[in-house]
Amino acid sequence: MTFPKIIGGWFRRGIFLLPAMMIYCPAFAAETPIYEQDPYDVVTLKEPGENQVLKVLPLDLPERKVPERTRPGVKIRLRFYDDPGKLFEVDWTAIKDVDFFEQRILKQAGELAAAGKFEDVYNYLCFLREKYPKTPGLGKGWEDALYEEAKVTYSRGEYDGALALLREVYARNPKRPELEKALGMATEKLVSGYMAQKRYAAARIILDELRSEFPEHPTVTAWTERLKAEAAQAFQAAETAAQSGDWSAADRNCLLLGTIWPDYPGAKKLAETIHSKYPRVAVGVMTPWSPRASNRLADEALRRTSRLCYRTLTEYLGPGAEGGQYRCPLGEIRRENLGRKLLVRLQPDIRTAGGGAALTGYDLAHRLREMTRPGDPDYSPAWSELLQSLQVKDVYTVEAELRHSSVCPEALLQTPVVPQDEGPPVFFQAPADGPFRLPASSPAAKAEDPSGKAGAEITFTVNPDYFAAQPGQLQQIVERYYTLSANAVSDLKHGQLQAVDRVPLWELPRLQEEAELAVGRYAVPRVHCLIPNLRRPLVSERTFRRALVYGINREAILKQLVGPQPVEGCCLLSGPFPAGSGLDDPLSYAYDVRIAPRPYDPRLALALAASEALAAKEDGAKEKSQTTAGPPPKANAKPAAPKEKGPRTIATLTLAYPDDEVIRVACTSIKKQLAVLGLKIELRPFTGPVPEKVPEDADLLYVALVVGEPAADAGAILGESGMTGGGSPYLRLALRQLDEATNWEEAQRRLYRIHRLAHEEVAVIPLWQLYDFYVYRKGLNGIGRNPVSLYQNIEQWQAPLEYSAEKK
């Protein structure tokens, strides 16, 4: 035997050669799975003796099977496993048994399955499937392993996993004993849970699968009868409500019926009748409605839902050739005297929900005057400076004299107007004049923040007194709040929703391939930025804010948010104004493209942050030493032990942000990137309205602003009463000069100056611009092309009945 062969034999038996000694390691041989060892067969001879059991290299037999019949004299050639160079022959009649390598693997797999080591089992079985697919009993081995795992999974209460494993067993051997009973038990547990959660569609799907396997199964029969009984109750309730004219209750019970048993006799016809009388849509939303919302630029839910309940004096429709395009839904507005006068004529008989007094010119004049008072919810410093006098010309006409002409006075008049005796027109806290209203009996109408968790719903019912009602318009809007867009899109595909208000950009490629869905883009992008709390020590310093800008790899995060395919108009920003989707986009009139976004420079960020934090620390220590004097150290006092060194933390900051899926991803990435610089970021998500200013106990506030008219919105962001709380005297002066601009060329020049000042002072920490997209079922008509908000054209929405969509 050659030396290499000896060495090879030692390694196969777990023997290692070390200097001056040879050691046998049985632990190594035992821990190595048999399928990873060199293959060998075991031949047992009939004659007892020292060489009765032979360990040989794998036998070269047809299909690796022992011949059924052998006659004396027929021999087989063998090679010893430990000495493969030696060949000898054995008569078949002298062989008692042959234990093949693959059979030993299959046997060990069975032993592991009995011991519950299923991960190891499938490694063994996968090896056999790849290398020895014709091993007798391999199919039975897979089947037994799956069935044993299903039993263990069921005992842990994981009934869905157990059912999946049992279905795999059924696919391999539908006639396996006890399989029908096991499938029934797992199905029973799952259906019982789904029924308790009122997830009727899921229960039906599970029952349908069992019915396809065992049509007469008792579990299928029992639960089918129960579902039909509950469907009968819902059908009767819907029919009774329809006969009495209570279409809201009829619609609610009909929806329940379609969920429980869509094939119930007469259900579809009843649904068509109810839908023709009471059309409704369900919309999935990513930001929950709140009655306390007040930040119009940053609060997505306020922009969306206020259009349902309120019509403001002017409404922004999107960018135009010079500034934004506006309409006056309450009547008409006309500029006169070279822009020094506004003439507003109201439409007669405008009433709020409940049929109160009609709106008059006196109510409008009162509203316009109240907007000049700092305590008013819609107080506008720009309007206060612009308005000179008001005069009611007749019952429905108001004339407003201005101190000077203004480039966009309509942008300052986006305020609800209600009769004086009905209280101040605060959103969701005063009588509504929009197409829908929140019923007083709705828990959401009374709750402080009703949609704080996923799955919460808010229902808007039609306002019968709406002055601009359209024939056949919707009677009900149901908003359902989701924390994950994937869940909302799933419900949209199954017909449980007709639209989703906003989807992440990374989902667009997949959604655009869906035949039943349509994707639309909003007209105005959102400007994502961090608002610093100038009342906090570190972020109040410009140097430290510059460190934050340099320390965030905004380009990398932007690619993460956009996804694999670039989206036009999504880009980095150098200021708080939108850059639009190109140089010819009129929306970009306030954005100076000559000011480039600051690059990612972690070294510079670290230097700036460390120097500013050190200065703040020294100032704090100096102040402390002047106010408190401690006892002098003792003569024999031992020096304090040095502290253990750890990761250096320059500063700890609190970042508050709305708990939105996209913003959540961005803030998590910002935290990781700044941690590398020694800046510890504590993330504080909140559900509910976006505050008008940074919370007192937070250093930064993440906002996504819809800045449709920078000439009017600049002060709401950068002004003293804006989100930042005011900047330098230079910035405040520039904002005042902007309000006094009388033409668009002058306004643009002053906006460019504001952009540069905001960039130099880092008044906000600009991140990026993202266009938002909505998705809806193609059967929903009337949304319009590129609306500013989802409900901009809600009166034109038409939603055909898609009853079959709920079926599966």
# chains A, B, ... in the order shown; residues from 1 in each chain; ligands from 1
$ residues_around --residues "segment 459-471 of chain A" --least-positions-apart "5" --cutoff "6 Å" --atoms "only C-alpha atoms" --output "list in words"
Ile350, Ala353, Gly355, Pro435, Phe436, Arg437, Leu438, Gln476, Ile477 and Val478 of chain A
$ residues_around --residues "Leu78 of chain A" --least-positions-apart "5" --cutoff "7 Å" --atoms "only C-alpha atoms" --output "PyMOL selection string"
chain A and resi 56+87-89
$ write_last_selection --atoms "all heavy atoms" --output "mmCIF file, in the first residue's frame"
data_model
loop_
_atom_site.group_PDB
_atom_site.id
_atom_site.type_symbol
_atom_site.label_atom_id
_atom_site.label_comp_id
_atom_site.auth_asym_id
_atom_site.auth_seq_id
_atom_site.Cartn_x
_atom_site.Cartn_y
_atom_site.Cartn_z
ATOM 1 N N VAL A 56 -16.403 -1.820 1.804
ATOM 2 C CA VAL A 56 -15.903 -1.806 0.434
ATOM 3 C C VAL A 56 -16.341 -0.523 -0.266
ATOM 4 O O VAL A 56 -17.280 0.165 0.155
ATOM 5 C CB VAL A 56 -16.426 -3.032 -0.344
ATOM 6 C CG1 VAL A 56 -15.975 -4.331 0.306
ATOM 7 C CG2 VAL A 56 -17.956 -2.996 -0.456
ATOM 8 N N LEU A 87 -7.934 -5.806 -5.313
ATOM 9 C CA LEU A 87 -9.166 -6.307 -5.906
ATOM 10 C C LEU A 87 -9.318 -7.788 -5.585
ATOM 11 O O LEU A 87 -8.364 -8.563 -5.694
ATOM 12 C CB LEU A 87 -9.130 -6.093 -7.430
ATOM 13 C CG LEU A 87 -10.339 -6.580 -8.228
ATOM 14 C CD1 LEU A 87 -11.571 -5.751 -7.902
ATOM 15 C CD2 LEU A 87 -10.044 -6.496 -9.732
ATOM 16 N N PHE A 88 -10.511 -8.171 -5.160
ATOM 17 C CA PHE A 88 -10.754 -9.612 -4.912
ATOM 18 C C PHE A 88 -12.188 -9.921 -5.303
ATOM 19 O O PHE A 88 -13.016 -9.027 -5.502
ATOM 20 C CB PHE A 88 -10.479 -9.971 -3.452
ATOM 21 C CG PHE A 88 -11.382 -9.294 -2.475
ATOM 22 C CD1 PHE A 88 -12.503 -9.935 -1.970
ATOM 23 C CD2 PHE A 88 -11.114 -7.989 -2.048
ATOM 24 C CE1 PHE A 88 -13.323 -9.303 -1.076
ATOM 25 C CE2 PHE A 88 -11.925 -7.361 -1.149
ATOM 26 C CZ PHE A 88 -13.046 -8.013 -0.650
ATOM 27 N N GLU A 89 -12.496 -11.207 -5.412
ATOM 28 C CA GLU A 89 -13.811 -11.639 -5.862
ATOM 29 C C GLU A 89 -14.488 -12.461 -4.777
ATOM 30 O O GLU A 89 -13.838 -13.193 -4.023
ATOM 31 C CB GLU A 89 -13.689 -12.490 -7.136
ATOM 32 C CG GLU A 89 -13.159 -11.698 -8.331
ATOM 33 C CD GLU A 89 -13.070 -12.558 -9.578
ATOM 34 O OE1 GLU A 89 -13.026 -13.802 -9.434
ATOM 35 O OE2 GLU A 89 -13.032 -11.995 -10.692
#
$ select_by_dssp --residues "segment 250-402 of chain A" --states "helix (DSSP H, G or I)" --output "VMD selection string"
chain A and resid 250 to 260 267 to 277 300 to 309 361 to 370 381 to 386
$ residues_around --residues "Met286 of chain A" --least-positions-apart "2" --cutoff "12 Å" --atoms "only C-alpha atoms" --output "VMD selection string"
chain A and resid 283 to 284 288 to 289 299 to 301 304 451 to 457 479 to 489 499 to 504 658 to 663 687 to 688 772 774
$ closest_residue --among "A:Val539, A:Ala666, A:Leu57, A:Ala241" --to "Gln560 of chain A" --atoms "only C-alpha atoms"
A:Ala666
$ closest_residue --among "A:Glu568, A:Asp263, A:Glu47, A:Glu143" --to "Leu166 of chain A" --atoms "only C-alpha atoms"
A:Glu143
$ atom_distance --atom1 "atom CA of Gln565 of chain A" --atom2 "atom CA of Pro602 of chain A"
27.1 Å
$ closest_residue --among "A:Gly245, A:Gly356, A:Gly161, A:Pro381" --to "Gly719 of chain A" --atoms "only C-alpha atoms"
A:Pro381
$ residues_around --residues "segment 795-800 of chain A" --least-positions-apart "5" --cutoff "6 Å" --atoms "only C-alpha atoms" --output "mmCIF file with C-alpha atoms, in the first residue's frame"
data_model
loop_
_atom_site.group_PDB
_atom_site.id
_atom_site.type_symbol
_atom_site.label_atom_id
_atom_site.label_comp_id
_atom_site.auth_asym_id
_atom_site.auth_seq_id
_atom_site.Cartn_x
_atom_site.Cartn_y
_atom_site.Cartn_z
ATOM 1 C CA GLN A 473 -71.677 61.504 -6.891
ATOM 2 C CA LEU A 780 -62.574 54.157 -10.726
ATOM 3 C CA ASN A 781 -63.113 57.214 -12.917
ATOM 4 C CA GLY A 782 -62.841 60.954 -12.359
#
$ residues_around --residues "Glu149 of chain A" --least-positions-apart "4" --cutoff "8 Å" --atoms "only C-alpha atoms" --output "list of chain:residue names"
A:Ala113, A:Gly116, A:Phe118, A:Ala145, A:Thr153, A:Ala162, A:Leu165
$ write_last_selection --atoms "N, CA and C atoms" --output "compact mmCIF listing (two decimals), in the first residue's frame"
# COMPACT_ATOMS: atom_id res chain seq x y z
N ALA A 113 -35.52 12.46 11.90
CA ALA A 113 -36.91 12.94 11.88
C ALA A 113 -37.63 12.53 13.16
N GLY A 116 -36.81 14.87 15.83
CA GLY A 116 -37.25 16.25 15.65
C GLY A 116 -36.20 17.17 15.08
N PHE A 118 -35.30 18.44 12.12
CA PHE A 118 -35.79 18.48 10.74
C PHE A 118 -34.85 19.21 9.80
N ALA A 145 -40.87 12.46 6.85
CA ALA A 145 -40.25 13.63 7.50
C ALA A 145 -41.22 14.81 7.53
N THR A 153 -45.16 20.87 14.47
CA THR A 153 -45.60 22.25 14.23
C THR A 153 -47.01 22.47 14.77
N ALA A 162 -48.38 23.94 9.90
CA ALA A 162 -48.73 22.53 9.88
C ALA A 162 -49.57 22.19 8.66
N LEU A 165 -47.43 21.97 5.51
CA LEU A 165 -46.67 20.72 5.46
C LEU A 165 -47.56 19.54 5.10
$ residues_around --residues "Trp768 of chain A" --least-positions-apart "6" --cutoff "6 Å" --atoms "only C-alpha atoms" --output "ChimeraX atom specification"
/A:528,571-573
$ closest_residue --among "A:Gly575, A:Gly563, A:Gly472, A:Pro329" --to "Arg311 of chain A" --atoms "only C-alpha atoms"
A:Pro329
$ atom_distance --atom1 "atom CA of Asn553 of chain A" --atom2 "atom CA of Ile531 of chain A"
17.6 Å
